[in-house]
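Trainee: Pasting a structure below so you can have a look.
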Amino acid sequence: VTRVTALAGGVGAAKLLRGIIRVIPPPSLAVIVNTGDDERFYGLHVSPDVDTTIYTLAGVAPVGRGWGIAGDTSNVLGALERFYTADGWFRLGDQDFATHVRRTHALADGRTLAEVTAELARAFGVESRILPMSDDTVRTIVETRSGETLSFQEYFVKRQARDRVRRLRYRGQRSATPAPGVIDAIRRADLLILPPSNPFTSIRPILGIRGIEHALRRRRVPLVAVSPIAGGRAVRGPLGDMLRAAGFSVSPVGIAEAYRGLLDGMVIDSSDQRWLRPLERSGLAVTMTDVRMDSIPRSVAVARATVALAQEIAGR
Ligand code: FO1
């Protein structure tokens, strides 16, 4: 395996990728990142999944929490509360603000999201290619059972993912096109990876962009997912509820079904042994390990299992 391309969103994805860059040379990894979680705060464009990916691959993200910059302070946020009363729920650190200032300034100067993302990655010493899924604006909108419409961050952070979700919409997806290099990164890969992201909130925003799922389904290399579910519970976040609401089981089988036959293989948690046969009967190659990645060595172990599974599939 030389070239790996991952579709990614969220903290779980970044934890796998920090393992991948310790198994293959960092420049051999391309990451297509969800931007449906992007939101403006204090007039600044924040791209949480892009920043989580960059900060984690740069080794500056908190190892456990996963987002923001480890040890960051929040003086600017405190000072902003003199002028704003409503946005303090989204905890932006002082060093993190620098990223949003630069991104907002570059975009205002006419740079594309892909250009500014490449600049930010370079500035943080990240050698992997970090690609936003699109230069166009796509936003994940959450419609709750109680009839409210929330931005993703309002749902996920402000309301702590407590609302029951009726529907997710990806506003702007139909008219969006893949960012430059995205389709190429899929075509040139020797291995395609779906890290343990939430398929509904982090990966479907990417798959629904014109040409991306098509390019994945025309691949000639393995596509392997790492299960975001362990022992019947989502490793993080509201995934269990979303799987149930979509009529899938809260299990690796439910994840495979949510990906609608896209997968060649899956890395599942050791506690999910009972799903091994059903997955293999549905044609998937499966390997088991502890999918919790709360340390770098654990991330490396899961990355090794992922690459090994892909090599086994390719060798068939
Ligand atoms: N997640 C939280 O649970 N609380 C926060 O205050 C928060 C702030 C934040 C700031 C910058 C950033 O890049 C990410 C941040 N996140 C926070 C995580 C973020 O909401 C999620 O990681 C993604 O949007 C979900 O994939």
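In the structure tokens, chains take letters A, B, ... by order of appearance, with residues numbered from 1 within each chain and ligands from 1 in the order shown.
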Leaving out region 38-41 of chain A and any residue of its chain fewer than 5 positions from it, which residues lie within 12 Å of it when counting only C-alpha atoms, given as a short mmCIF file (atom, residue, chain, number, x, y, z; two decimals) with N, CA, C and O atoms, in the first residue's frame?

Mentor:
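File around.cif, as written:
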data_model
loop_
_atom_site.label_atom_id
_atom_site.label_comp_id
_atom_site.auth_asym_id
_atom_site.auth_seq_id
_atom_site.Cartn_x
_atom_site.Cartn_y
_atom_site.Cartn_z
N GLY A 9 -14.46 13.01 8.93
CA GLY A 9 -15.13 14.09 9.65
C GLY A 9 -15.18 13.69 11.11
O GLY A 9 -15.43 12.53 11.42
N GLY A 10 -14.90 14.63 11.97
CA GLY A 10 -15.05 14.35 13.39
C GLY A 10 -13.78 13.86 14.05
O GLY A 10 -12.79 13.51 13.39
N VAL A 33 -12.14 16.01 3.57
CA VAL A 33 -12.76 16.36 4.85
C VAL A 33 -14.15 16.97 4.68
O VAL A 33 -14.37 17.79 3.79
N VAL A 46 -15.36 29.11 10.66
CA VAL A 46 -14.75 27.99 11.40
C VAL A 46 -15.05 26.70 10.64
O VAL A 46 -16.19 26.45 10.25
N SER A 47 -14.01 25.88 10.41
CA SER A 47 -14.17 24.57 9.74
C SER A 47 -13.74 23.49 10.73
O SER A 47 -12.57 23.04 10.68
N PRO A 48 -14.63 23.06 11.63
CA PRO A 48 -14.23 22.16 12.71
C PRO A 48 -13.56 20.87 12.26
O PRO A 48 -12.53 20.48 12.81
N ASP A 49 -14.12 20.21 11.23
CA ASP A 49 -13.53 18.92 10.84
C ASP A 49 -12.17 19.13 10.15
O ASP A 49 -11.25 18.32 10.36
N VAL A 50 -12.03 20.19 9.37
CA VAL A 50 -10.73 20.49 8.75
C VAL A 50 -9.71 20.77 9.85
O VAL A 50 -8.61 20.20 9.87
N ASP A 51 -10.09 21.61 10.81
CA ASP A 51 -9.13 21.99 11.86
C ASP A 51 -8.78 20.81 12.75
O ASP A 51 -7.62 20.62 13.12
N THR A 52 -9.78 19.97 13.06
CA THR A 52 -9.50 18.78 13.89
C THR A 52 -8.52 17.86 13.17
O THR A 52 -7.59 17.33 13.77
N LEU A 77 -12.17 34.72 23.82
CA LEU A 77 -13.58 34.37 24.01
C LEU A 77 -14.16 35.16 25.18
O LEU A 77 -15.25 35.74 25.09
N LEU A 80 -14.66 38.72 24.19
CA LEU A 80 -15.76 38.88 23.23
C LEU A 80 -17.11 38.89 23.93
O LEU A 80 -18.09 39.46 23.44
N TYR A 84 -20.72 40.14 22.77
CA TYR A 84 -21.67 39.12 22.30
C TYR A 84 -22.18 38.37 23.52
O TYR A 84 -21.41 38.00 24.40
N ALA A 86 -24.35 35.56 22.91
CA ALA A 86 -24.96 34.28 22.53
C ALA A 86 -23.98 33.21 22.07
O ALA A 86 -24.29 32.04 22.11
N ASP A 87 -22.75 33.58 21.63
CA ASP A 87 -21.96 32.55 20.95
C ASP A 87 -20.95 31.85 21.85
O ASP A 87 -20.18 31.02 21.38
N GLY A 88 -20.96 32.14 23.14
CA GLY A 88 -19.89 31.59 23.98
C GLY A 88 -19.92 30.08 24.12
O GLY A 88 -18.96 29.47 24.57
N TRP A 89 -21.05 29.45 23.68
CA TRP A 89 -21.18 27.99 23.88
C TRP A 89 -20.19 27.23 23.00
O TRP A 89 -19.84 26.09 23.30
N PHE A 90 -19.71 27.85 21.94
CA PHE A 90 -18.77 27.16 21.06
C PHE A 90 -17.36 27.60 21.48
O PHE A 90 -16.95 28.71 21.24
N ARG A 91 -16.67 26.70 22.19
CA ARG A 91 -15.43 27.07 22.87
C ARG A 91 -14.27 27.23 21.89
O ARG A 91 -13.65 26.24 21.50
N LEU A 92 -13.98 28.45 21.50
CA LEU A 92 -12.87 28.72 20.59
C LEU A 92 -11.67 29.20 21.39
O LEU A 92 -11.78 30.16 22.16
N PHE A 97 -8.37 30.79 17.34
CA PHE A 97 -8.85 32.02 16.70
C PHE A 97 -7.92 32.45 15.57
O PHE A 97 -8.36 32.92 14.53
N HIS A 100 -8.88 30.81 12.46
CA HIS A 100 -10.14 31.32 11.87
C HIS A 100 -9.94 32.72 11.29
O HIS A 100 -10.53 33.05 10.26
N VAL A 101 -9.07 33.52 11.92
CA VAL A 101 -8.77 34.85 11.37
C VAL A 101 -8.12 34.69 10.00
O VAL A 101 -8.54 35.29 9.01
N ARG A 103 -8.14 32.05 7.96
CA ARG A 103 -9.04 31.44 6.97
C ARG A 103 -10.03 32.49 6.44
O ARG A 103 -10.21 32.64 5.23
N THR A 104 -10.61 33.28 7.35
CA THR A 104 -11.60 34.28 6.96
C THR A 104 -10.97 35.37 6.08
O THR A 104 -11.54 35.77 5.07
N LEU A 113 -11.56 27.65 -0.47
CA LEU A 113 -11.45 26.88 0.77
C LEU A 113 -10.31 25.86 0.64
O LEU A 113 -9.54 25.66 1.58
N PRO A 132 -10.74 19.96 1.46
CA PRO A 132 -12.15 20.08 1.79
C PRO A 132 -12.95 19.33 0.73
O PRO A 132 -12.49 19.20 -0.42
N MET A 133 -14.10 18.81 1.10
CA MET A 133 -14.87 18.03 0.10
C MET A 133 -15.28 18.91 -1.09
O MET A 133 -15.39 18.44 -2.21
N SER A 134 -15.49 20.20 -0.84
CA SER A 134 -15.92 21.11 -1.91
C SER A 134 -15.47 22.53 -1.56
O SER A 134 -15.32 22.86 -0.38
N ASP A 135 -15.32 23.35 -2.58
CA ASP A 135 -15.10 24.78 -2.33
C ASP A 135 -16.43 25.50 -2.16
O ASP A 135 -16.46 26.67 -1.75
N ASP A 136 -17.51 24.79 -2.50
CA ASP A 136 -18.84 25.40 -2.38
C ASP A 136 -19.36 25.20 -0.96
O ASP A 136 -18.92 24.29 -0.25
N THR A 137 -20.33 26.02 -0.60
CA THR A 137 -20.90 25.94 0.76
C THR A 137 -21.93 24.83 0.87
O THR A 137 -22.92 24.81 0.12
N VAL A 138 -21.65 23.87 1.76
CA VAL A 138 -22.62 22.80 2.06
C VAL A 138 -22.79 22.82 3.58
O VAL A 138 -21.79 22.89 4.30
N ARG A 139 -24.05 22.83 4.07
CA ARG A 139 -24.25 22.86 5.51
C ARG A 139 -25.19 21.74 5.94
O ARG A 139 -26.26 21.57 5.36
N THR A 140 -24.76 21.00 6.95
CA THR A 140 -25.60 19.95 7.52
C THR A 140 -26.62 20.62 8.45
O THR A 140 -26.23 21.34 9.38
N ILE A 141 -27.89 20.41 8.13
CA ILE A 141 -28.98 21.01 8.90
C ILE A 141 -29.72 19.90 9.63
O ILE A 141 -30.01 18.85 9.03
N LEU A 150 -31.98 23.23 13.27
CA LEU A 150 -30.74 23.66 13.93
C LEU A 150 -29.55 23.52 12.99
O LEU A 150 -29.52 22.62 12.14
N SER A 151 -28.57 24.39 13.17
CA SER A 151 -27.29 24.15 12.48
C SER A 151 -26.65 22.95 13.17
O SER A 151 -27.02 22.58 14.29
N PHE A 152 -25.66 22.36 12.50
CA PHE A 152 -25.05 21.17 13.10
C PHE A 152 -24.45 21.49 14.47
O PHE A 152 -24.63 20.75 15.44
N GLN A 153 -23.73 22.61 14.58
CA GLN A 153 -23.07 22.91 15.86
C GLN A 153 -24.07 23.27 16.95
O GLN A 153 -23.83 22.97 18.12
N GLU A 154 -25.19 23.88 16.56
CA GLU A 154 -26.24 24.15 17.57
C GLU A 154 -26.73 22.81 18.13
O GLU A 154 -26.87 22.62 19.32
N TYR A 170 -28.56 18.34 3.82
CA TYR A 170 -27.23 18.85 3.49
C TYR A 170 -27.43 19.99 2.49
O TYR A 170 -27.37 19.82 1.28
N ARG A 171 -27.68 21.18 3.05
CA ARG A 171 -28.07 22.32 2.23
C ARG A 171 -26.90 22.73 1.32
O ARG A 171 -25.77 22.86 1.78
N SER A 202 -21.12 12.92 9.16
CA SER A 202 -19.77 13.28 8.69
C SER A 202 -19.42 12.76 7.30
O SER A 202 -18.56 13.34 6.65
N PRO A 205 -22.50 13.85 3.98
CA PRO A 205 -22.30 15.17 3.34
C PRO A 205 -21.27 15.12 2.21
O PRO A 205 -21.39 15.82 1.21
#

Trainee: Can you pull out the residues contacting Ile186 (chain A)? Cut-off 10 Å, using only C-alpha atoms, and skip same-chain residues under 4 positions away; I want them as a list in words.

Mentor: Arg3, Val4, Thr5, Ala6, Leu7, Ala30, Val31, Ile32, Gly181, Val182, Asp190, Leu191, Leu192, Ile212, Glu213, Ala215, Leu216, Arg218, Arg219 and Val221 of chain A

Trainee: Could you tell me, as number ranges by chain, which residues of region 12-185 of chain A DSSP assigns to strand (DSSP E) when given the backbone?

Mentor: A: 29-33, 39-41, 44-46, 129-132, 139-144, 149-151, 165-171

Trainee: Generate a file of the selected residues that holds N, CA and C atoms, formatted as a PDB file, in the first residue's frame.

Mentor:
ATOM      1  N   LEU A  29      -0.727  10.169   2.328  1.00  0.00           N
ATOM      2  CA  LEU A  29      -2.129  10.198   2.785  1.00  0.00           C
ATOM      3  C   LEU A  29      -2.815  11.446   2.246  1.00  0.00           C
ATOM      4  N   ALA A  30      -3.996  11.243   1.674  1.00  0.00           N
ATOM      5  CA  ALA A  30      -4.863  12.371   1.293  1.00  0.00           C
ATOM      6  C   ALA A  30      -6.155  12.224   2.095  1.00  0.00           C
ATOM      7  N   VAL A  31      -6.632  13.344   2.642  1.00  0.00           N
ATOM      8  CA  VAL A  31      -7.849  13.309   3.454  1.00  0.00           C
ATOM      9  C   VAL A  31      -8.883  14.248   2.847  1.00  0.00           C
ATOM     10  N   ILE A  32     -10.037  13.680   2.495  1.00  0.00           N
ATOM     11  CA  ILE A  32     -11.153  14.481   1.977  1.00  0.00           C
ATOM     12  C   ILE A  32     -12.064  14.761   3.160  1.00  0.00           C
ATOM     13  N   VAL A  33     -12.135  16.014   3.573  1.00  0.00           N
ATOM     14  CA  VAL A  33     -12.756  16.355   4.849  1.00  0.00           C
ATOM     15  C   VAL A  33     -14.146  16.971   4.676  1.00  0.00           C
ATOM     16  N   GLU A  39     -19.212  26.679  10.297  1.00  0.00           N
ATOM     17  CA  GLU A  39     -20.157  27.690  10.795  1.00  0.00           C
ATOM     18  C   GLU A  39     -19.392  28.982  11.068  1.00  0.00           C
ATOM     19  N   ARG A  40     -20.115  30.108  11.004  1.00  0.00           N
ATOM     20  CA  ARG A  40     -19.489  31.400  11.302  1.00  0.00           C
ATOM     21  C   ARG A  40     -19.713  31.724  12.775  1.00  0.00           C
ATOM     22  N   PHE A  41     -18.652  32.115  13.445  1.00  0.00           N
ATOM     23  CA  PHE A  41     -18.751  32.613  14.815  1.00  0.00           C
ATOM     24  C   PHE A  41     -17.992  33.926  14.869  1.00  0.00           C
ATOM     25  N   LEU A  44     -16.279  34.958  11.852  1.00  0.00           N
ATOM     26  CA  LEU A  44     -15.132  34.161  11.378  1.00  0.00           C
ATOM     27  C   LEU A  44     -15.626  32.811  10.875  1.00  0.00           C
ATOM     28  N   HIS A  45     -14.999  32.331   9.802  1.00  0.00           N
ATOM     29  CA  HIS A  45     -15.382  31.041   9.214  1.00  0.00           C
ATOM     30  C   HIS A  45     -14.637  29.936   9.945  1.00  0.00           C
ATOM     31  N   VAL A  46     -15.358  29.108  10.665  1.00  0.00           N
ATOM     32  CA  VAL A  46     -14.753  27.990  11.398  1.00  0.00           C
ATOM     33  C   VAL A  46     -15.053  26.698  10.642  1.00  0.00           C
ATOM     34  N   ARG A 129      -2.091  15.481   2.370  1.00  0.00           N
ATOM     35  CA  ARG A 129      -2.930  16.416   1.610  1.00  0.00           C
ATOM     36  C   ARG A 129      -4.289  16.517   2.299  1.00  0.00           C
ATOM     37  N   ILE A 130      -4.647  17.714   2.717  1.00  0.00           N
ATOM     38  CA  ILE A 130      -5.941  17.937   3.381  1.00  0.00           C
ATOM     39  C   ILE A 130      -6.824  18.692   2.393  1.00  0.00           C
ATOM     40  N   LEU A 131      -7.892  18.022   1.969  1.00  0.00           N
ATOM     41  CA  LEU A 131      -8.781  18.574   0.943  1.00  0.00           C
ATOM     42  C   LEU A 131     -10.191  18.764   1.499  1.00  0.00           C
ATOM     43  N   PRO A 132     -10.739  19.962   1.455  1.00  0.00           N
ATOM     44  CA  PRO A 132     -12.153  20.077   1.792  1.00  0.00           C
ATOM     45  C   PRO A 132     -12.951  19.330   0.730  1.00  0.00           C
ATOM     46  N   ARG A 139     -24.048  22.828   4.065  1.00  0.00           N
ATOM     47  CA  ARG A 139     -24.249  22.855   5.507  1.00  0.00           C
ATOM     48  C   ARG A 139     -25.186  21.737   5.938  1.00  0.00           C
ATOM     49  N   THR A 140     -24.755  21.004   6.951  1.00  0.00           N
ATOM     50  CA  THR A 140     -25.603  19.953   7.524  1.00  0.00           C
ATOM     51  C   THR A 140     -26.615  20.616   8.450  1.00  0.00           C
ATOM     52  N   ILE A 141     -27.892  20.409   8.133  1.00  0.00           N
ATOM     53  CA  ILE A 141     -28.982  21.014   8.900  1.00  0.00           C
ATOM     54  C   ILE A 141     -29.719  19.900   9.633  1.00  0.00           C
ATOM     55  N   VAL A 142     -29.999  20.118  10.918  1.00  0.00           N
ATOM     56  CA  VAL A 142     -30.670  19.096  11.719  1.00  0.00           C
ATOM     57  C   VAL A 142     -32.123  19.515  11.962  1.00  0.00           C
ATOM     58  N   GLU A 143     -33.070  18.688  11.504  1.00  0.00           N
ATOM     59  CA  GLU A 143     -34.493  18.939  11.804  1.00  0.00           C
ATOM     60  C   GLU A 143     -34.859  18.017  12.960  1.00  0.00           C
ATOM     61  N   THR A 144     -35.318  18.607  14.047  1.00  0.00           N
ATOM     62  CA  THR A 144     -35.567  17.785  15.233  1.00  0.00           C
ATOM     63  C   THR A 144     -37.020  17.275  15.243  1.00  0.00           C
ATOM     64  N   THR A 149     -35.345  23.584  13.514  1.00  0.00           N
ATOM     65  CA  THR A 149     -34.270  23.434  12.530  1.00  0.00           C
ATOM     66  C   THR A 149     -33.013  24.045  13.134  1.00  0.00           C
ATOM     67  N   LEU A 150     -31.976  23.232  13.267  1.00  0.00           N
ATOM     68  CA  LEU A 150     -30.736  23.665  13.928  1.00  0.00           C
ATOM     69  C   LEU A 150     -29.547  23.521  12.987  1.00  0.00           C
ATOM     70  N   SER A 151     -28.566  24.389  13.175  1.00  0.00           N
ATOM     71  CA  SER A 151     -27.292  24.153  12.479  1.00  0.00           C
ATOM     72  C   SER A 151     -26.647  22.950  13.165  1.00  0.00           C
ATOM     73  N   VAL A 165     -33.544  13.415  16.385  1.00  0.00           N
ATOM     74  CA  VAL A 165     -33.417  13.936  15.021  1.00  0.00           C
ATOM     75  C   VAL A 165     -34.500  13.339  14.129  1.00  0.00           C
ATOM     76  N   ARG A 166     -35.254  14.229  13.456  1.00  0.00           N
ATOM     77  CA  ARG A 166     -36.246  13.735  12.483  1.00  0.00           C
ATOM     78  C   ARG A 166     -35.541  13.511  11.144  1.00  0.00           C
ATOM     79  N   ARG A 167     -34.702  14.494  10.784  1.00  0.00           N
ATOM     80  CA  ARG A 167     -34.092  14.411   9.434  1.00  0.00           C
ATOM     81  C   ARG A 167     -32.827  15.248   9.428  1.00  0.00           C
ATOM     82  N   LEU A 168     -31.855  14.800   8.631  1.00  0.00           N
ATOM     83  CA  LEU A 168     -30.662  15.605   8.357  1.00  0.00           C
ATOM     84  C   LEU A 168     -30.762  16.082   6.915  1.00  0.00           C
ATOM     85  N   ARG A 169     -30.436  17.334   6.664  1.00  0.00           N
ATOM     86  CA  ARG A 169     -30.381  17.819   5.287  1.00  0.00           C
ATOM     87  C   ARG A 169     -28.996  18.395   5.048  1.00  0.00           C
ATOM     88  N   TYR A 170     -28.558  18.339   3.817  1.00  0.00           N
ATOM     89  CA  TYR A 170     -27.226  18.853   3.485  1.00  0.00           C
ATOM     90  C   TYR A 170     -27.431  19.994   2.490  1.00  0.00           C
ATOM     91  N   ARG A 171     -27.685  21.181   3.048  1.00  0.00           N
ATOM     92  CA  ARG A 171     -28.072  22.324   2.229  1.00  0.00           C
ATOM     93  C   ARG A 171     -26.900  22.726   1.318  1.00  0.00           C
TER      94      ARG A 171
END

Trainee: Based on the backbone DSSP call, show me all residues of region 23-201 of chain A assigned helix (DSSP H, G or I), as a ChimeraX atom specification.

Mentor: /A:26-28,48-57,75-80,87-89,94-108,113-123,152-158,182-187,199-201

Trainee: Go through A:Phe124, A:Tyr42, A:Phe156, A:Trp275 one by one, measure the shortest atom-to-atom distance of each to ligand 1 using only C-alpha atoms and all ligand atoms, and give the residue with the smallest value.

Mentor: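 For ligand 1, the nearest of the candidates is A:Phe156.
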
Trainee: Which residues, written as a ChimeraX atom specification, have at least one atom at most 10 Å from region 14-16 of chain A, with only C-alpha atoms counted and residues fewer than 6 positions away on the same chain left out?

Mentor: /A:6,8,31,49-57,61,63-64,66-67,193-197,226,291-296,298-304,306

Trainee: Rounded to one decimal in Å, what is the spacing between CA of Ala258 (chain A) and CA of Val286 (chain A)?

Mentor: 16.7 Å

Trainee: Choose the residue, out of A:Asn75, A:Gln95, A:Ser128, A:Gln160, that has the smallest atom-to-atom separation from ligand 1; count only C-alpha atoms and all ligand atoms.

Mentor: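 Among A:Asn75, A:Gln95, A:Ser128, A:Gln160, it is A:Gln160 that comes nearest to ligand 1.
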